[in-house]
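Each remark here refers to the structure printed beneath this line.
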Amino acid sequence: MSRQRVQQLASEFLARADATGWFEALYAEAGADYAKVPWADLAPNPHLVEWSVRNHLTGEGTTALTVGCGYGDDAEFLAKLGFRVVAFDISPTAISQCERRFADSQVSYQVADLLKPPPAWQQNFALVFESYTLQSLPLALRPAAISSISRFVAPSGQLLVIARGREETDALGGLPYPLTQVELAQFESLGLRQQSFEDYWDDENPPVRRFRVLYTRSN
Ligand SMILES: C[S@@+](CC[C@H](N)C(=O)[O-])C[C@H]1O[C@@H](n2cnc3c(N)ncnc32)[C@H](O)[C@@H]1O
């Protein structure tokens, strides 16, 4: 499925004031043809893998949450590192494809809406991993989404965010809408402390500007 088709689907749903319905429509249209989903690499995010190797990340039985998990490769990667992983997505089709791809998985795959998450997830995860969900949401929904993500982080827990990055003054263009540092600063106003901030161009062709940010909750 072309990026153009994705834009078309998103625009159709946004015109009906349904900002997230297009994800399920897209996954349903793709069916088992995963290549039709433009962000589906069917491999763990290389920016997560590189970061985890460099930081000797191990789960040792602690809990992790993967936000907007898509087809589940990042969740499976974290499970292999020893985390007890919950992974969720708003799309029932994406979740059933995760369960089909990883039939023997230890990951708990769940259909849930980031904007209305189960109350039991509040401050419940030692590691929260968010990649590319925020950038796929309209700007108006981001404060609520950021607030929701921040609440998942347990006391002394960590949040890793990987996203496309832009300056406030950059043109927005089409989906995905890269994040700004002003948007990310909301995590700090919600009780998380920024531990590291990386701003770099990846090795895609053409290169994409990425932000990779680690936060911790001190209490
Ligand atoms: C751009 S994709 C990224 C998928 C995956 N995180 C990755 O990095 O490949 C965004 C994902 O977030 C999911 N999503 C969007 N809005 C959501 C919401 N409100 N709650 C849960 N998942 C959501 C979509 O269904 C989609 O799978």
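Identifiers in the structure tokens: chain A, B, ... in order shown; residue index from 1 per chain; ligand index from 1 in order shown.
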With 8 Å as the cut-off and only C-alpha atoms and all ligand atoms counted, what is the closest atom pair between each nearby residue of chain A and ligand 1? Distances in Å to one decimal, ordered by chain and number, as JSON lines.
```
{"residue": "A:Thr20", "atom": "CA", "partner": "ligand 1", "partner_atom_place_in_ligand_line": "16 (N)", "distance": 5.4}
{"residue": "A:Phe23", "atom": "CA", "partner": "ligand 1", "partner_atom_place_in_ligand_line": "25 (O)", "distance": 4.6}
{"residue": "A:Glu24", "atom": "CA", "partner": "ligand 1", "partner_atom_place_in_ligand_line": "25 (O)", "distance": 6.4}
{"residue": "A:Tyr27", "atom": "CA", "partner": "ligand 1", "partner_atom_place_in_ligand_line": "25 (O)", "distance": 7.8}
{"residue": "A:Trp39", "atom": "CA", "partner": "ligand 1", "partner_atom_place_in_ligand_line": "9 (O)", "distance": 5.3}
{"residue": "A:Ala40", "atom": "CA", "partner": "ligand 1", "partner_atom_place_in_ligand_line": "9 (O)", "distance": 5.6}
{"residue": "A:Asp41", "atom": "CA", "partner": "ligand 1", "partner_atom_place_in_ligand_line": "9 (O)", "distance": 7.1}
{"residue": "A:Asn45", "atom": "CA", "partner": "ligand 1", "partner_atom_place_in_ligand_line": "8 (O)", "distance": 6.5}
{"residue": "A:Thr66", "atom": "CA", "partner": "ligand 1", "partner_atom_place_in_ligand_line": "6 (N)", "distance": 7.6}
{"residue": "A:Val67", "atom": "CA", "partner": "ligand 1", "partner_atom_place_in_ligand_line": "22 (N)", "distance": 6.4}
{"residue": "A:Gly68", "atom": "CA", "partner": "ligand 1", "partner_atom_place_in_ligand_line": "12 (O)", "distance": 3.6}
{"residue": "A:Cys69", "atom": "CA", "partner": "ligand 1", "partner_atom_place_in_ligand_line": "6 (N)", "distance": 4.5}
{"residue": "A:Gly70", "atom": "CA", "partner": "ligand 1", "partner_atom_place_in_ligand_line": "27 (O)", "distance": 3.6}
{"residue": "A:Tyr71", "atom": "CA", "partner": "ligand 1", "partner_atom_place_in_ligand_line": "9 (O)", "distance": 7.2}
{"residue": "A:Gly72", "atom": "CA", "partner": "ligand 1", "partner_atom_place_in_ligand_line": "5 (C)", "distance": 7.5}
{"residue": "A:Asp73", "atom": "CA", "partner": "ligand 1", "partner_atom_place_in_ligand_line": "9 (O)", "distance": 7.8}
{"residue": "A:Asp74", "atom": "CA", "partner": "ligand 1", "partner_atom_place_in_ligand_line": "8 (O)", "distance": 7.5}
{"residue": "A:Phe88", "atom": "CA", "partner": "ligand 1", "partner_atom_place_in_ligand_line": "21 (C)", "distance": 6.3}
{"residue": "A:Asp89", "atom": "CA", "partner": "ligand 1", "partner_atom_place_in_ligand_line": "22 (N)", "distance": 3.8}
{"residue": "A:Ile90", "atom": "CA", "partner": "ligand 1", "partner_atom_place_in_ligand_line": "21 (C)", "distance": 3.9}
{"residue": "A:Ser91", "atom": "CA", "partner": "ligand 1", "partner_atom_place_in_ligand_line": "25 (O)", "distance": 5.0}
{"residue": "A:Ala94", "atom": "CA", "partner": "ligand 1", "partner_atom_place_in_ligand_line": "27 (O)", "distance": 6.7}
{"residue": "A:Val111", "atom": "CA", "partner": "ligand 1", "partner_atom_place_in_ligand_line": "21 (C)", "distance": 7.6}
{"residue": "A:Ala112", "atom": "CA", "partner": "ligand 1", "partner_atom_place_in_ligand_line": "21 (C)", "distance": 5.7}
{"residue": "A:Asp113", "atom": "CA", "partner": "ligand 1", "partner_atom_place_in_ligand_line": "20 (N)", "distance": 3.6}
{"residue": "A:Leu114", "atom": "CA", "partner": "ligand 1", "partner_atom_place_in_ligand_line": "20 (N)", "distance": 3.7}
{"residue": "A:Leu115", "atom": "CA", "partner": "ligand 1", "partner_atom_place_in_ligand_line": "19 (N)", "distance": 5.3}
{"residue": "A:Lys116", "atom": "CA", "partner": "ligand 1", "partner_atom_place_in_ligand_line": "19 (N)", "distance": 7.8}
{"residue": "A:Glu130", "atom": "CA", "partner": "ligand 1", "partner_atom_place_in_ligand_line": "6 (N)", "distance": 6.5}
{"residue": "A:Ser131", "atom": "CA", "partner": "ligand 1", "partner_atom_place_in_ligand_line": "8 (O)", "distance": 4.7}
{"residue": "A:Tyr132", "atom": "CA", "partner": "ligand 1", "partner_atom_place_in_ligand_line": "3 (C)", "distance": 4.7}
{"residue": "A:Thr133", "atom": "CA", "partner": "ligand 1", "partner_atom_place_in_ligand_line": "10 (C)", "distance": 4.0}
{"residue": "A:Leu134", "atom": "CA", "partner": "ligand 1", "partner_atom_place_in_ligand_line": "10 (C)", "distance": 7.5}
{"residue": "A:Gln135", "atom": "CA", "partner": "ligand 1", "partner_atom_place_in_ligand_line": "1 (C)", "distance": 7.2}
{"residue": "A:Ser136", "atom": "CA", "partner": "ligand 1", "partner_atom_place_in_ligand_line": "1 (C)", "distance": 5.5}
{"residue": "A:Leu137", "atom": "CA", "partner": "ligand 1", "partner_atom_place_in_ligand_line": "16 (N)", "distance": 6.5}
{"residue": "A:Ala145", "atom": "CA", "partner": "ligand 1", "partner_atom_place_in_ligand_line": "19 (N)", "distance": 7.4}
{"residue": "A:Pro176", "atom": "CA", "partner": "ligand 1", "partner_atom_place_in_ligand_line": "1 (C)", "distance": 7.5}
```
Neighbour list for Arg164 of chain A as JSON, numbers by chain, cut-off 6 Å, only C-alpha atoms, skip fewer than 2 positions in-chain: {"A": [178, 209, 210]}
Spatial neighbours of Val107 of chain A, 8 Å, only C-alpha atoms, chain gap at least 6 places, as a list in words: Ala75, Glu76, Ala79, Arg84, Val85, Val86 and Ala87 of chain A
Backbone-only DSSP, alpha helix (DSSP H) members of chain A, as a ChimeraX atom specification: /A:3-15,21-30,46-54,73-80,92-101,142-152,181-189
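Near Leu81 of chain A, within 6 Å and counting only C-alpha atoms, sit Thr58, Gly59, Leu78, Ala79 and Phe83 of chain A; same-chain residues fewer than 2 positions away were not included.
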Pull N, CA, C and O atoms from the residues just selected and write them as an mmCIF file, in the first residue's frame.
```cif
data_model
loop_
_atom_site.group_PDB
_atom_site.id
_atom_site.type_symbol
_atom_site.label_atom_id
_atom_site.label_comp_id
_atom_site.auth_asym_id
_atom_site.auth_seq_id
_atom_site.Cartn_x
_atom_site.Cartn_y
_atom_site.Cartn_z
ATOM 1 N N THR A 58 18.676 -5.180 29.951
ATOM 2 C CA THR A 58 18.139 -6.515 30.265
ATOM 3 C C THR A 58 16.884 -6.326 31.118
ATOM 4 O O THR A 58 16.806 -5.409 31.941
ATOM 5 N N GLY A 59 15.940 -7.237 30.919
ATOM 6 C CA GLY A 59 14.674 -7.097 31.630
ATOM 7 C C GLY A 59 14.663 -7.757 32.989
ATOM 8 O O GLY A 59 14.056 -7.243 33.926
ATOM 9 N N LEU A 78 11.891 -7.117 23.148
ATOM 10 C CA LEU A 78 12.008 -6.828 24.589
ATOM 11 C C LEU A 78 11.770 -8.095 25.411
ATOM 12 O O LEU A 78 12.431 -8.310 26.441
ATOM 13 N N ALA A 79 10.868 -8.945 24.957
ATOM 14 C CA ALA A 79 10.641 -10.213 25.677
ATOM 15 C C ALA A 79 11.915 -11.064 25.654
ATOM 16 O O ALA A 79 12.269 -11.696 26.662
ATOM 17 N N PHE A 83 12.197 -9.104 29.534
ATOM 18 C CA PHE A 83 11.061 -8.354 30.100
ATOM 19 C C PHE A 83 9.791 -9.197 30.014
ATOM 20 O O PHE A 83 9.626 -10.014 29.102
#
```
Among listed residues A:Thr63, A:Gln186, A:Ser196, A:Thr180, nearest Leu214 of chain A (using only C-alpha atoms): A:Ser196
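Proximity ranking of A:Ile149, A:His47, A:Arg101, A:Thr62 relative to Tyr200 of chain A places A:His47 first, based on only C-alpha atoms.
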Which of segment 10-218 of chain A DSSP labels strand (DSSP E), written as a VMD selection string: chain A and resid 63 to 67 84 to 89 108 to 111 125 to 131 153 to 164 192 to 201 209 to 217
